[in-house]
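> Have a peek at final-v3.txt (compact mmCIF, C-alpha atoms).
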```
# COMPACT_ATOMS: atom_id res chain seq x y z
CA MET B 1 0.00 0.00 0.00
CA THR B 2 1.47 3.33 -1.09
CA ALA B 3 1.72 6.50 0.95
CA ARG B 4 -0.59 8.24 -1.56
CA THR B 5 -3.24 5.51 -1.01
CA GLN B 6 -3.10 6.04 2.76
CA GLU B 7 -3.17 9.80 2.32
CA CYS B 8 -6.25 9.58 0.07
CA ALA B 9 -8.09 7.27 2.50
CA GLU B 10 -7.31 9.64 5.37
CA TRP B 11 -8.65 12.58 3.34
CA PHE B 12 -11.93 10.71 2.86
CA ARG B 13 -12.12 10.08 6.63
CA GLU B 14 -11.72 13.80 7.23
CA HIS B 15 -14.77 14.42 5.04
CA PRO B 16 -17.68 12.32 6.44
CA ALA B 17 -19.94 13.33 3.56
CA PHE B 18 -18.07 10.82 1.39
CA HIS B 19 -18.92 7.81 3.59
CA ARG B 20 -22.17 6.66 1.95
CA LEU B 21 -20.67 7.19 -1.50
CA LEU B 22 -17.68 5.04 -0.55
CA VAL B 23 -19.97 2.30 0.80
CA LYS B 24 -21.72 2.22 -2.59
CA LEU B 25 -18.38 2.12 -4.39
CA ARG B 26 -17.20 -0.76 -2.19
CA ASP B 27 -20.38 -2.67 -3.06
CA LYS B 28 -19.53 -2.36 -6.77
CA PHE B 29 -16.05 -3.77 -6.25
CA ARG B 30 -17.45 -6.60 -4.12
CA ARG B 31 -19.87 -7.45 -6.87
CA TYR B 32 -17.72 -7.01 -9.97
CA GLY B 33 -14.13 -7.01 -8.71
CA SER B 34 -13.41 -3.88 -10.80
CA PRO B 35 -14.79 -0.28 -11.23
CA LEU B 36 -18.01 -1.22 -13.04
CA GLY B 37 -21.61 -0.20 -12.56
CA MET B 38 -23.27 3.03 -11.49
CA VAL B 39 -23.46 4.49 -8.00
CA SER B 40 -26.86 5.93 -7.09
CA LEU B 41 -27.86 7.84 -3.97
CA PRO B 42 -31.49 8.99 -4.45
CA ASP B 43 -31.69 10.71 -1.05
CA ALA B 44 -28.28 12.41 -1.21
CA SER B 45 -27.82 15.42 1.04
CA GLU B 46 -26.35 18.74 -0.06
CA GLU B 47 -23.09 17.76 1.67
CA GLU B 48 -22.93 14.48 -0.26
CA CYS B 49 -23.61 16.24 -3.56
CA GLU B 50 -20.82 18.70 -2.76
CA ALA B 51 -18.48 15.80 -1.88
CA ALA B 52 -19.15 14.21 -5.28
CA ARG B 53 -18.48 17.56 -6.99
CA LEU B 54 -15.06 17.81 -5.29
CA VAL B 55 -13.92 14.63 -7.05
CA LEU B 56 -15.96 14.59 -10.27
CA GLY B 57 -15.80 18.34 -10.98
CA ARG B 58 -19.47 18.98 -11.74
CA ASP B 59 -22.57 19.89 -9.81
CA PHE B 60 -25.03 17.28 -8.52
CA VAL B 61 -28.59 17.31 -7.20
CA PRO B 62 -30.58 14.33 -5.89
CA PRO B 63 -30.80 11.69 -7.14
CA LEU B 64 -26.98 11.63 -7.13
CA GLN B 65 -25.64 9.28 -9.82
CA PHE B 66 -22.27 8.61 -11.42
CA HIS B 67 -20.29 5.75 -12.97
CA THR B 68 -17.76 3.94 -10.76
CA ILE B 69 -15.05 4.12 -13.42
CA GLU B 70 -15.62 7.86 -13.70
CA PHE B 71 -14.95 8.29 -9.98
CA GLU B 72 -11.67 6.35 -10.24
CA VAL B 73 -10.51 8.30 -13.33
CA GLU B 74 -11.22 11.68 -11.75
CA LEU B 75 -9.66 10.62 -8.45
CA GLN B 76 -6.44 9.81 -10.33
CA ARG B 77 -6.48 13.33 -11.77
CA SER B 78 -6.61 14.80 -8.28
CA GLN B 79 -3.72 15.76 -6.01
CA PHE B 80 -3.36 12.10 -5.00
CA GLY B 81 -2.18 11.02 -8.45
CA ARG B 82 -2.59 7.51 -9.90
CA VAL B 83 -4.07 5.78 -6.87
CA ASN B 84 -6.04 2.54 -7.17
CA LEU B 85 -9.64 3.09 -6.03
CA LYS B 86 -10.01 -0.50 -4.78
CA GLU B 87 -6.88 -0.12 -2.63
CA VAL B 88 -8.09 3.25 -1.32
CA LEU B 89 -11.43 1.71 -0.36
CA GLY B 90 -9.63 -1.20 1.34
CA CYS B 91 -7.53 1.26 3.33
CA TYR B 92 -10.56 3.39 4.22
CA PHE B 93 -12.66 0.44 5.45
CA GLN B 94 -9.59 -1.41 6.78
CA GLU B 95 -10.44 -4.62 4.99
CA GLU B 96 -9.49 -6.53 1.87
CA ILE B 97 -12.28 -6.09 -0.65
CA LYS B 98 -13.13 -9.36 -2.42
CA THR B 99 -15.82 -10.62 -4.74
CA PRO B 100 -17.94 -13.64 -3.69
CA ARG B 101 -15.99 -15.71 -6.19
CA GLU B 102 -12.65 -14.64 -4.73
CA ILE B 103 -13.90 -15.40 -1.22
CA ARG B 104 -15.13 -18.83 -2.34
CA GLU B 105 -11.86 -19.68 -4.06
CA GLU B 106 -9.90 -18.56 -1.03
CA GLU B 107 -12.04 -20.70 1.28
CA GLU B 108 -11.61 -23.70 -1.01
CA GLN B 109 -7.85 -23.24 -1.03
CA LYS B 110 -7.75 -22.98 2.77
CA TYR B 111 -9.88 -26.14 2.98
CA THR B 112 -7.50 -27.94 0.62
CA ASP B 113 -4.51 -26.80 2.68
CA LEU B 114 -6.27 -28.02 5.82
CA LEU B 115 -6.78 -31.49 4.37
CA ASP B 116 -3.17 -31.60 3.16
CA GLU B 117 -1.99 -30.79 6.68
CA ALA B 118 -4.24 -33.52 8.11
CA ARG B 119 -2.89 -36.07 5.61
CA LYS B 120 0.69 -35.28 6.56
CA ALA B 121 -0.15 -35.51 10.26
CA SER B 122 -1.95 -38.87 9.92
CA GLN B 123 0.09 -41.88 10.98
CA THR B 124 -2.15 -44.70 9.72
CA VAL B 125 -3.40 -45.65 6.27
CA LEU B 126 -7.03 -45.74 7.40
CA CYS B 127 -6.87 -42.20 8.75
CA ARG B 128 -5.37 -40.91 5.50
CA GLN B 129 -8.10 -42.71 3.58
CA TRP B 130 -10.71 -40.92 5.69
CA VAL B 131 -9.08 -37.56 4.95
CA ASP B 132 -9.16 -38.45 1.24
CA ALA B 133 -12.89 -39.14 1.62
CA LEU B 134 -13.31 -35.68 3.15
CA ASP B 135 -11.58 -34.28 0.08
CA GLU B 136 -14.10 -36.14 -2.08
CA ARG B 137 -16.99 -34.54 -0.20
CA ARG B 138 -17.84 -37.68 1.77
CA ALA B 139 -17.59 -38.99 5.33
CA GLY B 140 -18.32 -35.72 7.15
CA SER B 141 -17.03 -33.15 4.68
CA ASP B 142 -20.23 -31.06 5.02
CA THR B 143 -19.72 -30.88 8.78
CA LEU B 144 -16.09 -29.86 8.38
CA LYS B 145 -16.77 -27.30 5.63
CA ARG B 146 -19.50 -25.57 7.62
CA ALA B 147 -17.19 -25.36 10.60
CA ALA B 148 -14.29 -24.10 8.47
CA LYS B 149 -16.47 -21.37 7.02
CA GLN B 150 -17.34 -20.15 10.52
CA ASN B 151 -13.87 -20.48 12.03
CA MET B 152 -11.00 -22.08 10.11
CA GLU B 153 -8.71 -22.39 13.13
CA ASP B 154 -11.37 -24.18 15.18
CA ALA B 155 -12.00 -26.56 12.27
CA ARG B 156 -8.27 -27.22 11.92
CA HIS B 157 -7.92 -27.91 15.64
CA ALA B 158 -10.87 -30.33 15.64
CA LEU B 159 -9.80 -32.21 12.51
CA LEU B 160 -6.22 -32.74 13.67
CA ARG B 161 -7.51 -33.97 17.03
CA ALA B 162 -9.91 -36.39 15.34
CA CYS B 163 -7.04 -37.72 13.20
CA LYS B 164 -4.85 -38.25 16.27
CA SER B 165 -7.68 -40.17 17.91
CA ILE B 166 -8.24 -42.39 14.88
CA ASP B 167 -4.49 -43.09 14.67
CA LEU B 168 -4.31 -44.09 18.33
CA LEU B 169 -7.40 -46.27 18.00
CA GLN B 170 -5.85 -48.08 15.04
CA GLN B 171 -2.60 -48.59 16.93
CA GLN B 172 -4.41 -50.14 19.91
CA ARG B 173 -6.80 -52.44 18.07
CA GLU B 174 -6.27 -55.29 20.55
CA GLU B 175 -7.47 -53.29 23.53
CA ARG B 176 -10.90 -51.84 24.25
CA LEU B 177 -10.79 -48.23 25.43
CA ARG B 178 -13.29 -45.96 27.12
CA LEU B 179 -14.08 -42.93 24.98
CA ALA B 180 -12.81 -40.46 27.58
CA VAL B 181 -9.59 -42.45 28.06
CA LEU B 182 -8.95 -42.60 24.31
CA SER B 183 -9.59 -38.86 24.08
CA ALA B 184 -7.21 -38.09 26.94
CA GLN B 185 -4.45 -40.32 25.59
CA ALA B 186 -4.78 -39.01 22.04
CA VAL B 187 -5.04 -35.26 22.60
CA GLY B 188 -4.75 -34.69 26.35
CA ASP B 189 -8.43 -33.76 26.81
CA PRO B 190 -10.91 -36.41 28.02
CA HIS B 191 -13.84 -34.38 26.65
CA ALA B 192 -12.44 -33.65 23.17
CA LEU B 193 -14.39 -36.56 21.62
CA ASP B 194 -17.68 -35.81 23.36
CA ARG B 195 -20.58 -36.00 20.91
CA GLY B 196 -21.46 -32.34 21.29
CA THR B 197 -18.05 -31.13 20.12
CA LEU B 198 -16.94 -30.62 16.52
CA CYS B 199 -14.05 -33.01 17.11
CA GLY B 200 -16.46 -35.62 18.47
CA ARG B 201 -18.76 -35.28 15.45
CA LEU B 202 -15.86 -35.60 13.02
CA PHE B 203 -14.54 -38.61 14.95
CA LEU B 204 -17.95 -40.28 14.66
CA HIS B 205 -17.94 -39.64 10.90
CA ALA B 206 -14.50 -41.24 10.75
CA LEU B 207 -15.69 -44.31 12.66
CA ALA B 208 -18.66 -44.69 10.31
CA TYR B 209 -16.33 -44.43 7.31
CA CYS B 210 -13.94 -47.00 8.79
CA ALA B 211 -16.86 -49.37 9.40
CA GLY B 212 -18.27 -48.79 5.91
CA LYS B 213 -21.57 -47.57 7.33
CA PRO B 214 -23.66 -44.39 7.11
CA LEU B 215 -23.52 -41.99 10.03
CA PRO B 216 -25.82 -43.39 12.76
CA ALA B 217 -28.82 -41.31 13.73
CA SER B 218 -29.93 -42.62 17.13
CA ALA B 219 -27.96 -42.71 20.37
CA GLU B 220 -28.21 -46.51 20.41
CA GLU B 221 -26.77 -46.77 16.90
CA LYS B 222 -23.92 -44.44 17.84
CA ASP B 223 -23.10 -46.53 20.91
CA ALA B 224 -23.10 -49.64 18.72
CA LEU B 225 -20.70 -47.96 16.27
CA TYR B 226 -18.34 -47.04 19.10
CA PHE B 227 -18.43 -50.61 20.39
CA GLN B 228 -17.82 -52.05 16.91
CA ASN B 229 -14.67 -49.94 16.73
CA GLY B 230 -13.39 -51.09 20.10
CA ILE B 231 -14.67 -48.16 22.20
CA LEU B 232 -16.71 -48.48 25.36
CA CYS B 233 -18.73 -45.30 25.30
CA ASP B 234 -21.09 -46.01 28.20
CA SER B 235 -19.86 -49.13 29.97
CA ILE B 236 -21.94 -48.72 33.15
CA SER B 237 -25.42 -47.44 32.28
CA SER B 238 -25.53 -49.62 29.14
CA CYS B 239 -26.58 -52.94 30.64
CA VAL B 240 -28.70 -56.05 30.21
CA THR B 241 -30.51 -58.14 32.80
CA GLN B 242 -30.97 -61.88 32.40
CA VAL B 243 -31.67 -65.07 34.28
CA GLY B 244 -30.49 -68.56 33.40
CA LEU B 245 -27.80 -67.97 30.78
CA LEU B 246 -24.51 -69.83 30.55
CA LEU B 247 -21.87 -67.08 30.20
CA GLY B 248 -18.17 -67.68 29.89
CA VAL B 249 -14.68 -66.65 28.96
CA ALA B 250 -12.45 -69.02 26.98
CA GLU B 251 -13.39 -72.58 28.02
CA GLU B 252 -14.91 -71.87 31.42
CA GLU B 253 -18.25 -70.56 32.63
CA HIS B 254 -17.82 -67.30 34.50
CA PRO B 255 -18.02 -68.24 38.20
CA ALA B 256 -19.99 -65.14 39.29
CA TYR B 257 -22.62 -65.53 36.58
CA GLN B 258 -22.70 -69.29 37.24
CA ALA B 259 -23.65 -68.61 40.86
CA PHE B 260 -26.60 -66.47 39.74
CA ARG B 261 -27.66 -69.15 37.26
CA MET B 262 -27.52 -71.95 39.83
CA ARG B 263 -29.67 -69.88 42.21
CA HIS B 264 -32.14 -68.94 39.43
CA GLU B 265 -31.60 -65.26 40.24
CA PRO B 266 -31.60 -62.37 37.78
CA CYS B 267 -28.20 -60.87 37.03
CA THR B 268 -27.48 -57.47 35.49
CA LEU B 269 -24.43 -57.24 33.23
CA THR B 270 -22.90 -53.91 32.28
CA LEU B 271 -21.44 -53.37 28.82
CA SER B 272 -18.01 -53.68 30.43
CA GLY B 273 -18.95 -57.13 31.72
CA VAL B 274 -20.54 -58.28 28.47
CA SER B 275 -17.53 -57.12 26.45
CA ARG B 276 -15.29 -59.52 28.39
CA LEU B 277 -17.41 -62.56 27.54
CA THR B 278 -16.33 -64.81 24.69
CA TRP B 279 -19.43 -66.99 24.57
CA ALA B 280 -23.04 -67.25 25.73
CA HIS B 281 -25.32 -70.29 25.60
CA SER B 282 -28.74 -71.43 26.68
CA PRO B 283 -29.11 -74.84 28.40
CA SER B 284 -32.24 -75.44 26.31
CA GLY B 285 -31.03 -73.85 23.09
CA ARG B 286 -33.73 -71.20 23.53
CA VAL B 287 -33.80 -67.70 25.08
CA TYR B 288 -36.92 -65.60 25.63
CA LEU B 289 -36.75 -61.81 25.43
CA VAL B 290 -39.16 -59.28 26.92
CA GLU B 291 -39.20 -55.53 26.37
CA ASN B 292 -40.51 -54.36 29.74
CA GLU B 293 -38.67 -54.46 33.05
CA GLY B 294 -41.90 -54.86 35.02
CA VAL B 295 -42.88 -57.90 32.97
CA PHE B 296 -39.39 -59.36 33.41
CA CYS B 297 -39.50 -58.95 37.19
CA GLN B 298 -43.00 -60.45 37.44
CA LEU B 299 -41.98 -63.46 35.37
CA CYS B 300 -38.82 -63.93 37.40
CA ASP B 301 -40.97 -64.70 40.45
CA ARG B 302 -41.30 -68.10 38.76
CA SER B 303 -37.70 -68.32 37.48
CA VAL B 304 -37.02 -71.56 39.40
CA ARG B 305 -39.53 -73.24 37.05
CA PHE B 306 -38.12 -71.74 33.79
CA HIS B 307 -37.01 -74.27 31.21
CA SER B 308 -35.12 -71.53 29.30
CA PRO B 309 -33.32 -68.28 30.13
CA LEU B 310 -35.12 -64.92 30.07
CA VAL B 311 -33.55 -61.60 28.99
CA CYS B 312 -34.91 -58.06 29.43
CA THR B 313 -34.09 -55.51 26.71
CA SER B 314 -35.43 -52.61 28.83
CA GLY B 315 -36.96 -50.92 25.79
CA GLN B 316 -34.77 -50.08 22.84
CA PRO B 317 -31.85 -52.55 22.98
CA SER B 318 -28.67 -51.02 24.34
CA VAL B 319 -25.21 -51.94 23.09
CA ALA B 320 -24.92 -54.37 26.01
CA VAL B 321 -28.15 -56.11 24.93
CA LEU B 322 -27.08 -56.29 21.29
CA ARG B 323 -23.64 -57.65 22.20
CA LEU B 324 -25.20 -60.39 24.36
CA LEU B 325 -27.66 -61.32 21.63
CA GLU B 326 -24.79 -61.39 19.15
CA LEU B 327 -23.00 -63.99 21.30
CA LEU B 328 -26.19 -66.02 21.62
CA ALA B 329 -26.90 -65.90 17.90
CA ALA B 330 -23.34 -67.02 17.19
CA SER B 331 -23.99 -70.15 19.27
CA GLY B 332 -27.14 -70.92 17.24
CA THR B 333 -29.54 -70.04 20.05
CA GLU B 334 -33.18 -69.47 19.14
CA LEU B 335 -34.41 -66.08 20.36
CA PHE B 336 -38.09 -65.41 21.08
CA TYR B 337 -39.01 -61.73 21.45
CA SER B 338 -42.15 -60.24 23.00
CA GLY B 339 -42.93 -56.55 23.44
CA ASP B 340 -45.68 -53.94 23.53
CA PHE B 341 -48.05 -53.44 20.62
CA ASP B 342 -47.11 -49.88 19.73
CA GLY B 343 -44.63 -48.21 17.41
CA LYS B 344 -41.72 -48.68 19.78
CA GLY B 345 -42.41 -52.34 20.59
CA LEU B 346 -42.96 -53.37 16.98
CA SER B 347 -39.96 -51.39 15.74
CA ILE B 348 -37.72 -53.22 18.25
CA ALA B 349 -39.11 -56.54 17.00
CA ALA B 350 -38.45 -55.46 13.41
CA LEU B 351 -34.89 -54.47 14.28
CA LEU B 352 -34.12 -57.82 15.93
CA THR B 353 -35.72 -59.96 13.22
CA ALA B 354 -33.86 -58.03 10.53
CA ARG B 355 -30.54 -58.32 12.35
CA TRP B 356 -30.77 -62.03 13.15
CA PRO B 357 -33.41 -63.45 10.78
CA GLN B 358 -32.29 -67.05 11.36
CA ASN B 359 -32.44 -66.79 15.14
CA VAL B 360 -35.17 -64.36 16.18
CA HIS B 361 -38.82 -65.47 16.34
CA LEU B 362 -41.84 -63.40 17.30
CA TRP B 363 -43.35 -64.39 20.64
CA HIS B 364 -47.05 -63.54 21.09
CA PHE B 365 -46.95 -60.80 18.45
CA SER B 366 -49.92 -61.80 16.28
CA PRO B 367 -53.10 -59.79 15.67
CA ALA B 368 -54.88 -62.30 17.94
CA ASP B 369 -52.42 -61.54 20.75
CA TYR B 370 -53.02 -57.84 20.19
CA ALA B 371 -56.74 -58.37 20.65
CA CYS B 372 -56.01 -59.95 24.05
CA CYS B 373 -53.97 -57.04 25.36
CA CYS B 374 -55.43 -53.99 23.58
CA SER B 375 -55.88 -51.05 25.95
CA LYS B 376 -57.82 -47.82 25.71
CA GLU B 377 -54.68 -45.71 25.34
CA SER B 378 -54.44 -43.93 21.98
CA LEU B 379 -51.23 -44.11 19.99
CA GLY B 380 -49.23 -40.91 19.53
CA LYS B 381 -48.02 -39.54 16.20
CA ASN B 382 -44.48 -40.82 16.73
CA SER B 383 -45.77 -44.28 17.51
CA CYS B 384 -47.90 -44.34 14.35
CA ALA B 385 -44.90 -43.22 12.30
CA LEU B 386 -42.85 -46.12 13.68
CA LEU B 387 -45.62 -48.55 12.74
CA GLU B 388 -45.34 -47.43 9.12
CA GLY B 389 -41.72 -48.59 9.20
CA CYS B 390 -42.94 -52.18 9.66
CA THR B 391 -44.36 -52.28 6.13
CA GLY B 392 -42.77 -55.10 4.16
CA THR B 393 -41.63 -56.96 7.28
CA ILE B 394 -42.91 -60.05 9.09
CA LEU B 395 -44.75 -57.64 11.40
CA GLU B 396 -46.75 -55.92 8.66
CA GLU B 397 -50.09 -57.62 9.40
CA THR B 398 -49.86 -56.89 13.13
CA ALA B 399 -48.70 -53.32 12.53
CA GLN B 400 -51.64 -52.68 10.21
CA GLU B 401 -54.08 -53.96 12.83
CA VAL B 402 -52.55 -51.82 15.58
CA SER B 403 -52.55 -48.80 13.27
CA ARG B 404 -56.19 -49.44 12.28
CA CYS B 405 -57.35 -49.59 15.90
CA GLY B 406 -55.10 -46.72 16.97
CA LEU B 407 -54.73 -48.14 20.50
CA ALA B 408 -51.68 -49.49 22.32
CA GLY B 409 -51.45 -53.11 23.48
CA TYR B 410 -49.42 -53.82 26.59
CA GLN B 411 -47.24 -56.81 27.35
CA GLU B 412 -48.38 -56.85 30.98
CA LEU B 413 -51.79 -58.10 29.84
CA LEU B 414 -50.16 -61.17 28.28
CA LEU B 415 -48.36 -62.28 31.45
CA PRO B 416 -50.30 -65.56 31.89
CA GLN B 417 -49.45 -66.68 28.36
CA LEU B 418 -45.80 -65.63 28.70
CA GLU B 419 -45.43 -67.42 32.02
CA ALA B 420 -47.00 -70.59 30.65
CA ASP B 421 -44.56 -70.62 27.73
CA LEU B 422 -41.59 -70.26 30.09
CA THR B 423 -42.66 -72.86 32.66
CA GLU B 424 -44.32 -75.55 30.57
CA THR B 425 -42.28 -77.99 28.49
CA PRO B 426 -41.79 -76.43 25.04
```
The structure given in the file should be rewritten as structure tokens.


Amino acid sequence: MTARTQECAEWFREHPAFHRLLVKLRDKFRRYGSPLGMVSLPDASEEECEAARLVLGRDFVPPLQFHTIEFEVELQRSQFGRVNLKEVLGCYFQEEIKTPREIREEEEQKYTDLLDEARKASQTVLCRQWVDALDERRAGSDTLKRAAKQNMEDARHALLRACKSIDLLQQQREERLRLAVLSAQAVGDPHALDRGTLCGRLFLHALAYCAGKPLPASAEEKDALYFQNGILCDSISSCVTQVGLLLGVAEEEHPAYQAFRMRHEPCTLTLSGVSRLTWAHSPSGRVYLVENEGVFCQLCDRSVRFHSPLVCTSGQPSVAVLRLLELLAASGTELFYSGDFDGKGLSIAALLTARWPQNVHLWHFSPADYACCCSKESLGKNSCALLEGCTGTILEETAQEVSRCGLAGYQELLLPQLEADLTETP
């Protein structure tokens, strides 16, 4: 920037009547990138008209109008000499004047530089592949670009932290880590990978990419994705309660769980406990599943007479529940699921039958069973929407009947039938 440019900008500051004219001129450069277009000030004051006359050399009355190029040409004929109007405006407003295209190209270059830096910082092939996917507008690139547009340094900080976390996770594949521990070891902050942070969201995109899956939507799906990648996100509150299962590590039945089984007492396993198991079996080859905790507890009053184990999913299956069912399915166990007749209950049944179609069977989920336990409680909009998701599944007929009646059916009203199935020889 030349001394004449600074001198000219200062002269404009000393004459406030120029300000609105200069704002209009800046708008033209922002739009066109050069001195094109016409400046118009319909409500110009006498002072503003006089200011225009000082540069352009002719009288003006409202509406004040002149060509941008004319203003630059006449300014260069003034005492300031051959100054560049765009540079003068930049000095006056103390900013670099850019067109939308220039701003976009600059942002794209900064984004490219950011990804290049992340590639160089990555220590594993998988992490570099994820960064390449970001460059191809996949695997979280929209999230990163929006963040970069708001604050490039924050986006850089979050991306490099996510890369460090992925690298560490890949280097410790044989060991399960808690999310906070992984975060602390990777970047020195146990909360860096929390779901509400930009780093945490990018990390989740990376995990989904590594697993070859779309980004999960629900909290349960996110927990499952963490677990699949060797991360215990919620190893205490994620749990499953069961009675009667054979649970073991290596060749031996776990002694603590064996004691519960021998006494026919319910036992709650946290995700941490389930993750240590290497196998799970049923003495009968069958396991019965119920959605509701109250139903589970009521049935367990007769657990000494059960011919097969009983598991409670406590509503939407947690990661601990899914991991236990995965072990059972791997052993060829037949799984019989019963739940409420509403959107939630049927959607859980649909999820389980779709995930393990060879193992999961519906247990008292027919339209006839619905008729036995139909209440007077109306279904909500969310519940009805979930029922629509059962179209094309084994539950379609039941879902249509529930939707037609518009009333919820509760598992508690089927307790006699459920108890009979568990205590009588199958």

> Could you name the residues that touch segment 30-44 of chain B at 6 Å or less, counting only C-alpha atoms, but leaving out those on the same chain fewer than 5 positions away, as number ranges by chain?

B: 62-69, 98-99

> So, with only C-alpha atoms as the atoms that count, which of B:Leu207, B:Ala9, B:Leu328, B:Cys91 lies closest to Leu75 of chain B?

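Of the candidates, the smallest distance to Leu75 of chain B is held by B:Ala9.
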
> Determine the nearest neighbour of Val187 of chain B from the options B:Arg355, B:Lys164, B:Arg201, B:Arg20, counting all atoms listed in the file.

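Result for the nearest residue to Val187 of chain B: B:Lys164.
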
> Do you know which residues are at most 7 Å from Cys390 of chain B counting all atoms listed in the file, after dropping those on the same chain fewer than 5 positions away, and could you put them as a list of chain:residue names?

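Selected residues are B:Ser347, B:Ala350, B:Leu395, B:Glu396, B:Ala399.
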
> If we count only C-alpha atoms and set the cut-off at 9 Å, which residues sit around Gly200 of chain B, ignoring sequence neighbours fewer than 5 positions away in its own chain? Please answer as a list of chain:residue names.

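Contacts, in chain order: B:Ala158, B:Ala162, B:His191, B:Ala192, B:Leu193, B:Asp194, B:Arg195, B:His205.
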
> Which residues are near segment 271-286 of chain B? Cut-off 10 Å, only C-alpha atoms, ignore same chain within fewer than 6 positions. Put them as a PyMOL selection string.

chain B and resi 176+178+227+230+232-240+244-254+307-310+318-336+359+426

> Output C-alpha atoms for every residue in that selection, as a compact mmCIF listing (two decimals), in the frame of the given file.


```
# COMPACT_ATOMS: atom_id res chain seq x y z
CA ARG B 176 -10.90 -51.84 24.25
CA ARG B 178 -13.29 -45.96 27.12
CA PHE B 227 -18.43 -50.61 20.39
CA GLY B 230 -13.39 -51.09 20.10
CA LEU B 232 -16.71 -48.48 25.36
CA CYS B 233 -18.73 -45.30 25.30
CA ASP B 234 -21.09 -46.01 28.20
CA SER B 235 -19.86 -49.13 29.97
CA ILE B 236 -21.94 -48.72 33.15
CA SER B 237 -25.42 -47.44 32.28
CA SER B 238 -25.53 -49.62 29.14
CA CYS B 239 -26.58 -52.94 30.64
CA VAL B 240 -28.70 -56.05 30.21
CA GLY B 244 -30.49 -68.56 33.40
CA LEU B 245 -27.80 -67.97 30.78
CA LEU B 246 -24.51 -69.83 30.55
CA LEU B 247 -21.87 -67.08 30.20
CA GLY B 248 -18.17 -67.68 29.89
CA VAL B 249 -14.68 -66.65 28.96
CA ALA B 250 -12.45 -69.02 26.98
CA GLU B 251 -13.39 -72.58 28.02
CA GLU B 252 -14.91 -71.87 31.42
CA GLU B 253 -18.25 -70.56 32.63
CA HIS B 254 -17.82 -67.30 34.50
CA HIS B 307 -37.01 -74.27 31.21
CA SER B 308 -35.12 -71.53 29.30
CA PRO B 309 -33.32 -68.28 30.13
CA LEU B 310 -35.12 -64.92 30.07
CA SER B 318 -28.67 -51.02 24.34
CA VAL B 319 -25.21 -51.94 23.09
CA ALA B 320 -24.92 -54.37 26.01
CA VAL B 321 -28.15 -56.11 24.93
CA LEU B 322 -27.08 -56.29 21.29
CA ARG B 323 -23.64 -57.65 22.20
CA LEU B 324 -25.20 -60.39 24.36
CA LEU B 325 -27.66 -61.32 21.63
CA GLU B 326 -24.79 -61.39 19.15
CA LEU B 327 -23.00 -63.99 21.30
CA LEU B 328 -26.19 -66.02 21.62
CA ALA B 329 -26.90 -65.90 17.90
CA ALA B 330 -23.34 -67.02 17.19
CA SER B 331 -23.99 -70.15 19.27
CA GLY B 332 -27.14 -70.92 17.24
CA THR B 333 -29.54 -70.04 20.05
CA GLU B 334 -33.18 -69.47 19.14
CA LEU B 335 -34.41 -66.08 20.36
CA PHE B 336 -38.09 -65.41 21.08
CA ASN B 359 -32.44 -66.79 15.14
CA PRO B 426 -41.79 -76.43 25.04
```

> Given all atoms listed in the file as the basis, pick out the residue of B:Thr313, B:Gln94, B:Thr241, B:Ser78 nearest to Arg13 of chain B.

B:Gln94

> Given all atoms listed in the file as the basis, pick out the residue of B:Asp421, B:Glu136, B:Glu47, B:Glu14 nearest to Phe60 of chain B.

B:Glu47

> Return the single residue from B:Asp301, B:Glu293, B:Glu108, B:Asp223 that is closest to His264 of chain B, with distances computed using all atoms listed in the file.

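Checking each of B:Asp301, B:Glu293, B:Glu108, B:Asp223 against His264 of chain B, counting all atoms listed in the file, the winner is B:Asp301.
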
> With all atoms listed in the file as the counted atoms, please give the residues lying no more than 10 Å from Lys145 of chain B, apart from itself and same-chain residues fewer than 3 positions off, as a JSON list (two decimals) with C-alpha atoms, in the coordinates of the input.


```
[["chain", "number", "residue", "atom", "x", "y", "z"],
["B", 107, "GLU", "CA", -12.04, -20.70, 1.28],
["B", 108, "GLU", "CA", -11.61, -23.70, -1.01],
["B", 111, "TYR", "CA", -9.88, -26.14, 2.98],
["B", 134, "LEU", "CA", -13.31, -35.68, 3.15],
["B", 137, "ARG", "CA", -16.99, -34.54, -0.20],
["B", 140, "GLY", "CA", -18.32, -35.72, 7.15],
["B", 141, "SER", "CA", -17.03, -33.15, 4.68],
["B", 142, "ASP", "CA", -20.23, -31.06, 5.02],
["B", 148, "ALA", "CA", -14.29, -24.10, 8.47],
["B", 149, "LYS", "CA", -16.47, -21.37, 7.02],
["B", 150, "GLN", "CA", -17.34, -20.15, 10.52],
["B", 151, "ASN", "CA", -13.87, -20.48, 12.03],
["B", 152, "MET", "CA", -11.00, -22.08, 10.11],
["B", 155, "ALA", "CA", -12.00, -26.56, 12.27]]
```
